[in-house]
>>> print(open('final_16.cif').read())   # mmCIF, C-alpha atoms
data_run
#
loop_
_atom_site.label_atom_id
_atom_site.label_comp_id
_atom_site.auth_asym_id
_atom_site.auth_seq_id
_atom_site.Cartn_x
_atom_site.Cartn_y
_atom_site.Cartn_z
CA MET Z 58 12.82 52.20 87.98
CA ILE Z 59 10.28 53.84 90.24
CA SER Z 60 9.31 52.06 93.44
CA ALA Z 61 5.73 50.89 93.91
CA GLU Z 62 5.52 53.17 96.94
CA ASP Z 63 6.61 56.23 94.93
CA PHE Z 64 4.23 55.32 92.11
CA CYS Z 65 1.24 55.34 94.48
CA THR Z 66 2.42 58.35 96.50
CA LEU Z 67 3.01 60.59 93.50
CA LEU Z 68 -0.42 59.81 92.09
CA GLU Z 69 -2.04 60.37 95.46
CA ALA Z 70 -0.27 63.73 95.75
CA ARG Z 71 -2.02 64.77 92.55
CA GLY Z 72 -5.43 63.93 93.99
CA TYR Z 73 -5.98 60.42 92.65
CA THR Z 74 -8.17 58.62 95.17
CA THR Z 75 -9.53 55.68 93.19
CA ALA Z 76 -7.82 52.94 91.20
CA SER Z 77 -9.12 49.88 89.42
CA GLY Z 78 -7.64 47.29 87.16
CA VAL Z 79 -6.95 43.75 86.07
CA PRO Z 80 -3.73 42.22 87.42
CA CYS Z 81 -0.53 42.30 85.41
CA SER Z 82 2.86 41.47 86.89
CA HIS Z 83 4.06 44.94 85.84
CA PHE Z 84 1.64 46.45 88.38
CA GLY Z 85 1.87 43.82 91.11
CA GLY Z 86 3.52 46.26 93.54
CA PRO Z 87 0.99 49.12 93.28
CA ILE Z 88 -1.97 46.73 93.34
CA ALA Z 89 -0.65 45.07 96.50
CA LEU Z 90 -0.16 48.41 98.24
CA LEU Z 91 -3.52 49.84 97.20
CA GLY Z 92 -5.36 46.61 97.92
CA ALA Z 93 -4.19 46.78 101.54
CA ARG Z 94 -5.98 50.12 101.96
CA GLU Z 95 -9.74 49.76 102.11
CA GLY Z 96 -11.58 51.44 99.28
CA ARG Z 97 -8.50 52.46 97.30
CA TYR Z 98 -8.48 49.68 94.71
CA VAL Z 99 -11.36 47.95 92.91
CA PRO Z 100 -10.34 44.51 91.53
CA ALA Z 101 -12.22 44.39 88.23
CA PRO Z 102 -13.18 41.19 86.38
CA ASN Z 103 -12.01 42.61 83.05
CA GLU Z 104 -10.41 45.70 81.55
CA GLY Z 105 -13.63 47.29 80.31
CA SER Z 106 -15.18 47.02 83.75
CA ALA Z 107 -12.08 48.57 85.31
CA LEU Z 108 -12.29 51.56 82.99
CA ALA Z 109 -16.02 51.94 83.67
CA VAL Z 110 -15.39 51.94 87.44
CA ALA Z 111 -12.80 54.68 87.03
CA ALA Z 112 -15.17 56.57 84.72
CA GLY Z 113 -17.86 56.37 87.39
CA ALA Z 114 -15.49 57.80 89.97
CA ALA Z 115 -14.59 60.60 87.54
CA LEU Z 116 -18.27 61.25 86.89
CA ALA Z 117 -18.67 61.63 90.66
CA GLY Z 118 -15.86 64.19 90.83
CA ARG Z 119 -12.97 61.94 91.90
CA ARG Z 120 -9.62 61.49 90.19
CA ALA Z 121 -9.18 57.89 89.08
CA TYR Z 122 -6.77 55.70 87.18
CA VAL Z 123 -6.68 52.20 85.72
CA MET Z 124 -3.92 49.56 85.49
CA LEU Z 125 -4.03 46.74 82.98
CA GLN Z 126 -2.06 44.56 80.58
CA ASN Z 127 -1.96 45.61 76.95
CA SER Z 128 -3.20 42.16 75.91
CA GLY Z 129 -6.56 43.28 77.33
CA LEU Z 130 -6.79 46.53 75.38
CA GLY Z 131 -9.45 44.95 73.18
CA ASN Z 132 -11.77 44.68 76.19
CA LEU Z 133 -11.17 48.38 76.84
CA ILE Z 134 -11.84 49.97 73.47
CA ASN Z 135 -15.63 50.12 73.66
CA PRO Z 136 -15.93 51.93 77.03
CA LEU Z 137 -12.88 54.02 76.11
CA THR Z 138 -14.40 55.37 72.91
CA SER Z 139 -18.11 55.40 73.77
CA LEU Z 140 -17.91 56.35 77.45
CA VAL Z 141 -14.65 58.01 78.52
CA MET Z 142 -13.98 59.83 75.26
CA MET Z 143 -17.59 60.62 74.39
CA TYR Z 144 -18.36 62.19 77.78
CA ARG Z 145 -14.80 63.52 78.19
CA LEU Z 146 -14.39 61.88 81.58
CA PRO Z 147 -10.91 62.42 83.08
CA VAL Z 148 -9.47 58.93 83.50
CA LEU Z 149 -5.75 58.08 83.34
CA THR Z 150 -4.85 54.60 82.09
CA PHE Z 151 -1.61 52.71 82.75
CA THR Z 152 -0.96 49.85 80.34
CA SER Z 153 1.89 47.37 80.44
CA LEU Z 154 3.96 46.94 77.30
CA ARG Z 155 4.06 43.18 76.82
CA GLY Z 156 5.58 42.05 73.52
CA TRP Z 157 7.04 45.49 72.73
CA PRO Z 158 9.22 46.60 71.06
CA ASP Z 159 10.43 43.10 70.13
CA PRO Z 160 7.66 40.48 70.36
CA THR Z 161 10.18 37.62 70.23
CA THR Z 162 11.35 38.51 73.75
CA ASP Z 163 7.93 37.76 75.27
CA GLU Z 164 5.35 35.00 75.29
CA PRO Z 165 3.69 34.15 71.94
CA GLN Z 166 0.26 35.50 72.90
CA HIS Z 167 1.74 39.01 72.96
CA ALA Z 168 3.22 38.85 69.46
CA VAL Z 169 0.29 40.65 67.81
CA MET Z 170 -0.80 43.15 70.46
CA GLY Z 171 2.70 44.17 71.54
CA PRO Z 172 3.70 46.04 68.36
CA ALA Z 173 0.07 47.07 67.78
CA THR Z 174 -0.38 48.87 71.11
CA PRO Z 175 0.94 52.35 70.18
CA PRO Z 176 -0.71 52.36 66.71
CA LEU Z 177 -4.01 51.21 68.23
CA LEU Z 178 -4.02 54.11 70.69
CA GLU Z 179 -3.07 56.50 67.93
CA ALA Z 180 -5.92 55.18 65.79
CA VAL Z 181 -8.50 56.11 68.43
CA GLY Z 182 -6.83 59.43 69.24
CA ALA Z 183 -5.55 58.53 72.72
CA PRO Z 184 -2.28 60.31 73.61
CA HIS Z 185 0.34 58.05 75.15
CA HIS Z 186 3.64 58.28 77.00
CA ILE Z 187 6.19 55.63 77.89
CA LEU Z 188 7.45 55.01 81.43
CA ARG Z 189 10.76 53.26 80.85
CA LYS Z 190 12.59 50.92 83.19
CA ASN Z 191 15.40 53.45 83.64
CA ASP Z 192 13.03 56.29 84.56
CA GLY Z 193 12.83 57.51 88.15
CA PRO Z 194 10.37 59.70 90.08
CA SER Z 195 11.41 62.88 88.24
CA GLU Z 196 10.67 61.37 84.83
CA PHE Z 197 7.38 60.01 86.16
CA GLU Z 198 6.47 63.49 87.40
CA LEU Z 199 7.07 64.91 83.92
CA ILE Z 200 4.78 62.28 82.42
CA LEU Z 201 2.10 63.12 85.00
CA ASP Z 202 2.47 66.82 84.18
CA ALA Z 203 1.73 66.00 80.54
CA THR Z 204 -1.23 63.75 81.33
CA ASP Z 205 -2.70 66.38 83.67
CA LYS Z 206 -2.80 68.82 80.76
CA GLU Z 207 -4.36 66.21 78.49
CA LEU Z 208 -7.02 65.32 81.06
CA THR Z 209 -7.85 69.00 81.52
CA ALA Z 210 -8.25 69.27 77.75
CA GLY Z 211 -10.76 66.40 77.80
CA ARG Z 212 -8.47 63.79 76.31
CA ALA Z 213 -7.87 60.21 77.49
CA PRO Z 214 -4.12 59.73 78.06
CA PHE Z 215 -2.30 56.43 78.47
CA VAL Z 216 1.02 55.70 80.15
CA LEU Z 217 2.68 52.66 78.60
CA VAL Z 218 4.85 50.86 81.16
CA GLU Z 219 7.93 48.88 80.23
CA ARG Z 220 8.78 45.68 82.06
CA GLY Z 221 10.72 46.56 85.22
CA ALA Z 222 9.67 50.21 85.26
CA ILE Z 223 7.74 49.84 88.55
CA GLY Z 224 9.13 48.01 91.56
CA LYS Z 225 7.53 45.03 93.24
CA VAL Z 226 6.52 44.34 96.82
CA THR Z 227 6.26 41.04 98.64
CA VAL Z 228 2.73 39.65 98.82
CA GLU Z 229 2.07 37.37 101.76
CA LEU Z 230 -0.71 34.89 100.96
CA PRO Z 231 -2.68 33.57 103.95
CA PRO Z 232 -2.10 29.89 104.69
CA GLU Z 233 -4.73 27.61 103.17
CA LYS Z 234 -5.31 24.23 104.77
CA LEU Z 235 -8.19 22.83 102.69
CA GLY Z 236 -7.94 21.89 99.06
CA LEU Z 237 -5.77 20.14 96.51
CA THR Z 238 -2.80 21.34 94.58
CA ALA Z 239 -3.74 22.34 91.05
CA ALA Z 240 -1.64 19.50 89.67
CA GLN Z 241 -3.44 16.97 91.89
CA ALA Z 242 -6.85 18.28 90.83
CA ILE Z 243 -5.96 18.20 87.14
CA ARG Z 244 -4.63 14.67 87.38
CA VAL Z 245 -7.76 13.46 89.15
CA VAL Z 246 -10.03 15.06 86.55
CA THR Z 247 -8.15 13.76 83.53
CA ASP Z 248 -7.74 10.27 85.02
CA ALA Z 249 -11.48 10.12 85.70
CA LEU Z 250 -12.29 11.04 82.08
CA PRO Z 251 -9.50 9.48 79.97
CA GLY Z 252 -11.41 9.85 76.70
CA ALA Z 253 -12.29 13.51 77.06
CA MET Z 254 -11.04 16.41 75.02
CA VAL Z 255 -9.48 19.01 77.34
CA ILE Z 256 -9.39 22.80 77.07
CA ALA Z 257 -7.05 24.38 79.65
CA THR Z 258 -7.27 28.07 80.48
CA THR Z 259 -4.36 30.48 80.35
CA GLY Z 260 -1.80 31.02 83.11
CA TYR Z 261 -0.46 28.34 85.41
CA THR Z 262 -3.41 26.00 84.81
CA GLY Z 263 -2.26 25.28 81.28
CA ARG Z 264 1.31 24.76 82.48
CA ASP Z 265 0.24 22.29 85.15
CA ALA Z 266 -2.04 20.43 82.75
CA PHE Z 267 0.74 20.10 80.19
CA ALA Z 268 3.14 18.85 82.86
CA VAL Z 269 0.94 16.22 84.53
CA ALA Z 270 -1.76 15.26 82.03
CA ASP Z 271 -0.68 16.01 78.47
CA ARG Z 272 -2.58 14.22 75.73
CA PRO Z 273 -3.08 14.81 72.00
CA GLY Z 274 -6.65 15.87 72.73
CA ALA Z 275 -5.58 18.73 74.99
CA PHE Z 276 -5.54 22.38 73.95
CA TYR Z 277 -3.63 24.86 76.12
CA MET Z 278 -4.73 28.48 75.87
CA GLN Z 279 -2.21 31.28 76.25
CA GLY Z 280 -3.86 34.66 76.52
CA SER Z 281 -7.56 35.07 75.73
CA MET Z 282 -8.18 35.05 79.48
CA GLY Z 283 -11.73 34.12 80.40
CA HIS Z 284 -12.61 32.56 77.06
CA ALA Z 285 -11.77 28.90 77.74
CA PRO Z 286 -15.42 27.95 78.53
CA SER Z 287 -16.62 29.60 75.33
CA LEU Z 288 -13.93 27.84 73.31
CA ALA Z 289 -14.95 24.55 74.93
CA LEU Z 290 -18.59 25.25 74.10
CA GLY Z 291 -17.74 25.65 70.42
CA VAL Z 292 -15.92 22.31 70.45
CA ALA Z 293 -18.69 20.57 72.41
CA LEU Z 294 -21.44 21.77 70.06
CA SER Z 295 -19.41 20.73 67.02
CA HIS Z 296 -18.72 17.23 68.37
CA PRO Z 297 -21.63 16.19 70.61
CA GLU Z 298 -20.30 12.64 70.67
CA ARG Z 299 -17.18 13.68 72.61
CA THR Z 300 -16.92 14.72 76.24
CA VAL Z 301 -15.25 18.12 76.49
CA VAL Z 302 -13.64 19.20 79.77
CA VAL Z 303 -12.67 22.79 80.39
CA LEU Z 304 -10.07 23.39 83.10
CA ASP Z 305 -10.87 26.92 84.24
CA GLY Z 306 -9.61 29.27 86.94
CA ASP Z 307 -11.53 31.50 89.32
CA GLY Z 308 -10.04 34.74 87.98
CA ALA Z 309 -10.53 33.65 84.38
CA LEU Z 310 -14.16 32.66 84.92
CA LEU Z 311 -14.93 35.90 86.74
CA MET Z 312 -13.53 37.86 83.80
CA HIS Z 313 -16.34 36.65 81.53
CA LEU Z 314 -18.91 35.21 83.93
CA GLY Z 315 -21.63 35.69 81.31
CA ALA Z 316 -20.28 32.61 79.54
CA LEU Z 317 -22.15 30.56 82.16
CA SER Z 318 -25.46 31.89 80.86
CA MET Z 319 -24.52 31.17 77.25
CA ILE Z 320 -23.48 27.61 78.10
CA GLY Z 321 -26.60 27.05 80.21
CA HIS Z 322 -28.76 28.33 77.37
CA MET Z 323 -27.17 26.07 74.75
CA ALA Z 324 -27.22 23.14 77.22
CA PRO Z 325 -24.54 20.88 75.71
CA PRO Z 326 -24.81 17.50 77.50
CA ASN Z 327 -21.12 16.75 76.82
CA LEU Z 328 -19.50 19.74 78.56
CA VAL Z 329 -17.85 19.36 81.97
CA HIS Z 330 -16.72 22.69 83.44
CA VAL Z 331 -14.06 22.34 86.17
CA VAL Z 332 -13.11 25.50 88.08
CA LEU Z 333 -9.82 25.46 90.00
CA ASP Z 334 -10.45 28.11 92.65
CA ASN Z 335 -7.41 29.30 94.60
CA GLY Z 336 -8.75 32.81 95.22
CA VAL Z 337 -5.89 34.65 93.52
CA HIS Z 338 -4.51 35.73 90.16
CA GLU Z 339 -1.46 33.59 90.76
CA SER Z 340 0.53 34.01 87.55
CA THR Z 341 0.55 37.82 87.91
CA GLY Z 342 1.76 37.90 91.51
CA GLY Z 343 -0.99 36.60 93.77
CA GLN Z 344 -3.50 39.46 93.68
CA ALA Z 345 -6.82 38.39 95.19
CA THR Z 346 -9.80 37.64 92.99
CA THR Z 347 -13.37 38.20 94.17
CA SER Z 348 -14.20 34.49 94.25
CA ALA Z 349 -14.48 34.58 98.06
CA THR Z 350 -17.80 36.41 97.70
CA THR Z 351 -19.03 34.57 94.61
CA SER Z 352 -20.58 31.10 94.52
CA PHE Z 353 -19.66 29.50 91.22
CA THR Z 354 -21.95 26.56 91.88
CA GLU Z 355 -25.00 28.71 92.55
CA SER Z 356 -24.15 30.94 89.59
CA ALA Z 357 -23.93 27.93 87.28
CA LEU Z 358 -27.25 26.50 88.45
CA ALA Z 359 -28.92 29.88 88.06
CA ALA Z 360 -27.50 30.07 84.52
CA GLY Z 361 -29.00 26.73 83.48
CA TYR Z 362 -26.33 24.13 84.29
CA VAL Z 363 -27.98 20.85 85.25
CA SER Z 364 -25.62 20.24 88.17
CA ALA Z 365 -22.90 22.00 90.12
CA LEU Z 366 -20.79 20.62 92.97
CA SER Z 367 -17.94 21.90 95.12
CA CYS Z 368 -15.07 19.66 96.27
CA THR Z 369 -11.92 19.80 98.38
CA ALA Z 370 -10.81 16.14 98.41
CA GLU Z 371 -9.54 13.81 95.66
CA GLN Z 372 -12.21 11.13 96.07
CA ASP Z 373 -15.01 13.68 96.07
CA LEU Z 374 -13.58 15.34 92.98
CA ALA Z 375 -13.28 12.05 91.07
CA ARG Z 376 -16.90 11.14 91.88
CA ALA Z 377 -18.13 14.63 91.00
CA VAL Z 378 -16.40 14.61 87.62
CA VAL Z 379 -17.80 11.19 86.69
CA ALA Z 380 -21.27 12.35 87.74
CA ALA Z 381 -20.85 15.54 85.71
CA ASP Z 382 -19.96 13.50 82.64
CA ALA Z 383 -23.11 11.42 83.10
CA ALA Z 384 -25.37 14.44 83.54
CA GLU Z 385 -27.76 15.33 80.73
CA GLY Z 386 -26.54 18.85 80.32
CA PRO Z 387 -23.57 21.08 81.19
CA ALA Z 388 -22.19 20.45 84.66
CA LEU Z 389 -19.80 22.46 86.79
CA VAL Z 390 -17.37 21.18 89.40
CA ARG Z 391 -15.62 23.72 91.58
CA VAL Z 392 -12.56 22.49 93.44
CA ARG Z 393 -10.69 24.44 96.07
CA THR Z 394 -6.99 24.51 95.19
CA LEU Z 395 -3.94 25.62 97.13
CA PRO Z 396 -1.43 28.32 96.20
CA ARG Z 397 1.33 26.89 94.04
CA THR Z 398 4.84 26.48 95.41
CA GLY Z 399 8.14 25.80 93.72
CA GLU Z 400 9.16 26.31 90.13
CA MET Z 401 6.41 26.44 87.54
CA PRO Z 402 6.39 23.96 84.64
CA PRO Z 403 7.10 25.30 81.13
CA ARG Z 404 4.36 26.49 78.79
CA ALA Z 405 3.03 23.98 76.30
CA THR Z 406 3.78 26.28 73.36
CA ALA Z 407 7.48 26.18 74.25
CA ALA Z 408 7.49 22.49 73.35
CA LEU Z 409 4.75 22.18 70.74
CA GLY Z 410 4.23 25.52 69.07
CA PRO Z 411 0.72 26.99 68.65
CA GLU Z 412 -0.02 25.55 65.19
CA ALA Z 413 1.29 22.11 66.06
CA MET Z 414 -0.91 22.10 69.16
CA ARG Z 415 -3.91 23.10 67.07
CA ASP Z 416 -3.31 20.35 64.52
CA ARG Z 417 -2.68 17.71 67.17
CA PHE Z 418 -5.94 18.58 68.91
CA LEU Z 419 -7.93 18.50 65.66
CA ASN Z 420 -6.48 15.15 64.67
CA ALA Z 421 -7.35 13.66 68.05
CA LEU Z 422 -10.86 15.09 67.83
CA ASP Z 423 -11.47 13.72 64.36
CA ALA Z 424 -10.00 10.33 65.25
CA GLY Z 425 -12.94 9.70 67.55
CA GLU Z 426 -10.88 7.63 69.97
CA PRO Z 427 -9.72 8.33 73.50
CA PRO Z 428 -7.08 11.06 73.08
CA GLN Z 429 -4.34 9.60 75.24
CA ASN Z 430 -0.63 9.12 74.73
#
>>> encode(input="final_16.cif", output="structure tokens")
Amino acid sequence: MISAEDFCTLLEARGYTTASGVPCSHFGGPIALLGAREGRYVPAPNEGSALAVAAGAALAGRRAYVMLQNSGLGNLINPLTSLVMMYRLPVLTFTSLRGWPDPTTDEPQHAVMGPATPPLLEAVGAPHHILRKNDGPSEFELILDATDKELTAGRAPFVLVERGAIGKVTVELPPEKLGLTAAQAIRVVTDALPGAMVIATTGYTGRDAFAVADRPGAFYMQGSMGHAPSLALGVALSHPERTVVVLDGDGALLMHLGALSMIGHMAPPNLVHVVLDNGVHESTGGQATTSATTSFTESALAAGYVSALSCTAEQDLARAVVAADAAEGPALVRVRTLPRTGEMPPRATAALGPEAMRDRFLNALDAGEPPQN
């Protein structure tokens, strides 16, 4: 293993001055260290944006690298092939190896992309190297020697990072006094709308929802970060007679913020969009999102939502959700939530299985009755 400090220092010694990325627990240490130094790390909403930021730095004569999870490689392919490769911009990409080499040792959402990661890079002609958990600084230096040559030759190298290959650092989150726990907020929302279908975003939100408010009409996403509102829109348009609630997160919504415009344009009157905003990517180690400088309520109204409210208390949240359900158009409710403490609940797929969850949700939807236990 290489320490997070050595990882950053060795890259800096080679002239890398800019980094961007989307949080993954594999890179929690480097992101924490770089994020504490002004201007060194750009927290991107998605993988394609991260690569484009690094490409811009390279275009301006700086050395830049990107850190991301391999589950997000799909978001990266377009700017990789049509920007970085086309213009031969020297950008180094670090990608975690989730679900590889044995997908059964990781979460089910990595089962496809894990084994596909090396072949996918080979298919687009991107050279790649593996930083293994037993490698130290000397092995990392050898990998950087190879990528330096590839960058000089106009290629776009990747370093694939095994779990445990880079050390972690402790991230101290500032104390937050206002807001609800995520579990409290989810319980309030689901109690206020007992007949609603529920789409829960990936990460800890889905875990909390499964633990405190499971119902046959609930669908828990694993992976596909940022796409819960779009999934909910598809359900809402297909069944206009049913209220559809999407339990979203700040980091997930920021990843594909354009979904607000799509939802506002289609104007489904049965969609209630709840954003649990704790200001961090909590399931990957607590890296900050950019929600502190983004107003979700104003963004939703500008995109065509008929109403948007922000809450910090249970009673306010319950009233806001009921009002959102009564609104003649999509409505957003943003609730400030607190950092989670204690052990996290299990994933829904550990108990149900993906296909069983799908079938249960469809049966509840077609039944046309309140989807409760």
>>> closest_atom_pairs(input="final_16.cif", of="stretch 159-196 of chain Z", to="stretch 216-220 of chain Z", cutoff="9 Å", atoms="all atoms listed in the file", output="tab-separated table")
residue	atom	partner	partner_atom	distance
Z:Thr174	CA	Z:Leu217	CA	8.9
Z:Pro175	CA	Z:Leu217	CA	8.6
Z:Pro184	CA	Z:Val216	CA	8.7
Z:His185	CA	Z:Val216	CA	5.6
Z:His186	CA	Z:Val216	CA	4.8
Z:Ile187	CA	Z:Leu217	CA	4.7
Z:Leu188	CA	Z:Val218	CA	4.9
Z:Arg189	CA	Z:Glu219	CA	5.3
Z:Lys190	CA	Z:Glu219	CA	5.9
>>> resolve_selection(input="final_16.cif", expression="the PyMOL selection byres ((chain Z and resi 223) around 6)", output="list in words")
Met58, Ile59, Ser60, Ala61, Gly221, Ala222 and Gly224 of chain Z
>>> resolve_selection(input="final_16.cif", expression="the PyMOL selection byres ((chain Z and resi 106) around 12)", output="MDAnalysis selection string")
chainID Z and resid 77:79 99:105 107:113 123:125 129:130 132:137 140 311:313
>>> residues_around(input="final_16.cif", residues="Z:Leu304", least_positions_apart="4", cutoff="7 Å", atoms="all atoms listed in the file", output="ChimeraX atom specification")
/Z:256-258,330-332
>>> residues_around(input="final_16.cif", residues="Z:Arg272", least_positions_apart="6", cutoff="12 Å", atoms="all atoms listed in the file", output="list in words")
Arg244, Thr247, Asp248, Pro251, Gly252, Ala253, Met254, Val255, Ile256, Ala257, Ala266, Ala405, Leu409, Met414, Arg417, Phe418, Asn420, Ala421, Leu422, Pro427, Pro428, Gln429 and Asn430 of chain Z
>>> resolve_selection(input="final_16.cif", expression="the PyMOL selection byres ((chain Z and resi 378-394) around 7)", output="PyMOL selection string")
chain Z and resi 236-239+246+249+321+324-335+354+357+362-369+374-377+395-396
>>> write_last_selection(input="final_16.cif", atoms="C-alpha atoms", output="PDB file, keeping the file's coordinate frame")
ATOM      1  CA  GLY Z 236      -7.940  21.890  99.060  1.00  0.00           C
ATOM      2  CA  LEU Z 237      -5.770  20.140  96.510  1.00  0.00           C
ATOM      3  CA  THR Z 238      -2.800  21.340  94.580  1.00  0.00           C
ATOM      4  CA  ALA Z 239      -3.740  22.340  91.050  1.00  0.00           C
ATOM      5  CA  VAL Z 246     -10.030  15.060  86.550  1.00  0.00           C
ATOM      6  CA  ALA Z 249     -11.480  10.120  85.700  1.00  0.00           C
ATOM      7  CA  GLY Z 321     -26.600  27.050  80.210  1.00  0.00           C
ATOM      8  CA  ALA Z 324     -27.220  23.140  77.220  1.00  0.00           C
ATOM      9  CA  PRO Z 325     -24.540  20.880  75.710  1.00  0.00           C
ATOM     10  CA  PRO Z 326     -24.810  17.500  77.500  1.00  0.00           C
ATOM     11  CA  ASN Z 327     -21.120  16.750  76.820  1.00  0.00           C
ATOM     12  CA  LEU Z 328     -19.500  19.740  78.560  1.00  0.00           C
ATOM     13  CA  VAL Z 329     -17.850  19.360  81.970  1.00  0.00           C
ATOM     14  CA  HIS Z 330     -16.720  22.690  83.440  1.00  0.00           C
ATOM     15  CA  VAL Z 331     -14.060  22.340  86.170  1.00  0.00           C
ATOM     16  CA  VAL Z 332     -13.110  25.500  88.080  1.00  0.00           C
ATOM     17  CA  LEU Z 333      -9.820  25.460  90.000  1.00  0.00           C
ATOM     18  CA  ASP Z 334     -10.450  28.110  92.650  1.00  0.00           C
ATOM     19  CA  ASN Z 335      -7.410  29.300  94.600  1.00  0.00           C
ATOM     20  CA  THR Z 354     -21.950  26.560  91.880  1.00  0.00           C
ATOM     21  CA  ALA Z 357     -23.930  27.930  87.280  1.00  0.00           C
ATOM     22  CA  TYR Z 362     -26.330  24.130  84.290  1.00  0.00           C
ATOM     23  CA  VAL Z 363     -27.980  20.850  85.250  1.00  0.00           C
ATOM     24  CA  SER Z 364     -25.620  20.240  88.170  1.00  0.00           C
ATOM     25  CA  ALA Z 365     -22.900  22.000  90.120  1.00  0.00           C
ATOM     26  CA  LEU Z 366     -20.790  20.620  92.970  1.00  0.00           C
ATOM     27  CA  SER Z 367     -17.940  21.900  95.120  1.00  0.00           C
ATOM     28  CA  CYS Z 368     -15.070  19.660  96.270  1.00  0.00           C
ATOM     29  CA  THR Z 369     -11.920  19.800  98.380  1.00  0.00           C
ATOM     30  CA  LEU Z 374     -13.580  15.340  92.980  1.00  0.00           C
ATOM     31  CA  ALA Z 375     -13.280  12.050  91.070  1.00  0.00           C
ATOM     32  CA  ARG Z 376     -16.900  11.140  91.880  1.00  0.00           C
ATOM     33  CA  ALA Z 377     -18.130  14.630  91.000  1.00  0.00           C
ATOM     34  CA  LEU Z 395      -3.940  25.620  97.130  1.00  0.00           C
ATOM     35  CA  PRO Z 396      -1.430  28.320  96.200  1.00  0.00           C
TER      36      PRO Z 396
END
>>> atom_distance(input="final_16.cif", atom1="atom CA of Z:Glu198", atom2="atom CA of Z:Arg97")
21.1 Å
>>> residues_around(input="final_16.cif", residues="Z:Leu91", least_positions_apart="6", cutoff="9 Å", atoms="only C-alpha atoms", output="PyMOL selection string")
chain Z and resi 65+76+97-98
>>> residues_around(input="final_16.cif", residues="stretch 157-172 of chain Z", least_positions_apart="6", cutoff="9 Å", atoms="only C-alpha atoms", output="list of chain:residue names")
Z:Asn127, Z:Ser128, Z:Gly129, Z:Leu130, Z:Glu219, Z:Gln279, Z:Gly280, Z:Ser281, Z:Thr406, Z:Pro411
>>> closest_residue(input="final_16.cif", among="Z:Thr351, Z:Leu68, Z:Ala413, Z:Met143", to="Z:Phe197", atoms="only C-alpha atoms")
Z:Leu68
>>> atom_distance(input="final_16.cif", atom1="atom CA of Z:Ala270", atom2="atom CA of Z:Ala316")
25.5 Å
>>> atom_distance(input="final_16.cif", atom1="atom CA of Z:Ala360", atom2="atom CA of Z:Tyr261")
27.1 Å
>>> residues_around(input="final_16.cif", residues="Z:Gly260", least_positions_apart="5", cutoff="9 Å", atoms="only C-alpha atoms", output="number ranges by chain")
Z: 278-280, 282, 306, 338-341, 404
>>> write_last_selection(input="final_16.cif", atoms="C-alpha atoms", output="tab-separated table (two decimals), in the frame of the given file")
chain	number	residue	atom	x	y	z
Z	278	MET	CA	-4.73	28.48	75.87
Z	279	GLN	CA	-2.21	31.28	76.25
Z	280	GLY	CA	-3.86	34.66	76.52
Z	282	MET	CA	-8.18	35.05	79.48
Z	306	GLY	CA	-9.61	29.27	86.94
Z	338	HIS	CA	-4.51	35.73	90.16
Z	339	GLU	CA	-1.46	33.59	90.76
Z	340	SER	CA	0.53	34.01	87.55
Z	341	THR	CA	0.55	37.82	87.91
Z	404	ARG	CA	4.36	26.49	78.79
>>> closest_residue(input="final_16.cif", among="Z:Glu95, Z:Arg212, Z:Glu62, Z:Gly399", to="Z:Thr150", atoms="only C-alpha atoms")
Z:Arg212
>>> closest_residue(input="final_16.cif", among="Z:His296, Z:Val301, Z:Gly361, Z:Thr350", to="Z:Ser318", atoms="all atoms listed in the file")
Z:Gly361
>>> closest_residue(input="final_16.cif", among="Z:Ala114, Z:Ala242, Z:Leu317, Z:Ala213", to="Z:Thr75", atoms="all atoms listed in the file")
Z:Ala114
>>> closest_residue(input="final_16.cif", among="Z:Val245, Z:Ala424, Z:Val148, Z:Leu177", to="Z:Pro273", atoms="only C-alpha atoms")
Z:Ala424
>>> closest_residue(input="final_16.cif", among="Z:Ala240, Z:Val141, Z:Ala370, Z:Ala180", to="Z:Ala268", atoms="all atoms listed in the file")
Z:Ala240
>>> build_atoms(input="final_16.cif", residues="stretch 97-104 of chain Z", atoms="N, CA and C atoms", output="CSV table (one decimal), in the frame of the given file")
chain,number,residue,atom,x,y,z
Z,97,ARG,N,-9.4,51.8,98.2
Z,97,ARG,CA,-8.5,52.5,97.3
Z,97,ARG,C,-8.4,51.7,96.0
Z,98,TYR,N,-8.6,50.4,96.0
Z,98,TYR,CA,-8.5,49.7,94.7
Z,98,TYR,C,-9.7,48.8,94.5
Z,99,VAL,N,-10.2,48.8,93.3
Z,99,VAL,CA,-11.4,48.0,92.9
Z,99,VAL,C,-10.8,46.9,92.0
Z,100,PRO,N,-10.8,45.6,92.4
Z,100,PRO,CA,-10.3,44.5,91.5
Z,100,PRO,C,-11.4,44.2,90.5
Z,101,ALA,N,-11.2,44.5,89.3
Z,101,ALA,CA,-12.2,44.4,88.2
Z,101,ALA,C,-12.1,43.0,87.6
Z,102,PRO,N,-13.2,42.5,87.1
Z,102,PRO,CA,-13.2,41.2,86.4
Z,102,PRO,C,-12.5,41.3,85.0
Z,103,ASN,N,-12.6,42.4,84.4
Z,103,ASN,CA,-12.0,42.6,83.0
Z,103,ASN,C,-11.7,44.1,82.8
Z,104,GLU,N,-10.9,44.4,81.8
Z,104,GLU,CA,-10.4,45.7,81.6
Z,104,GLU,C,-11.5,46.7,81.3
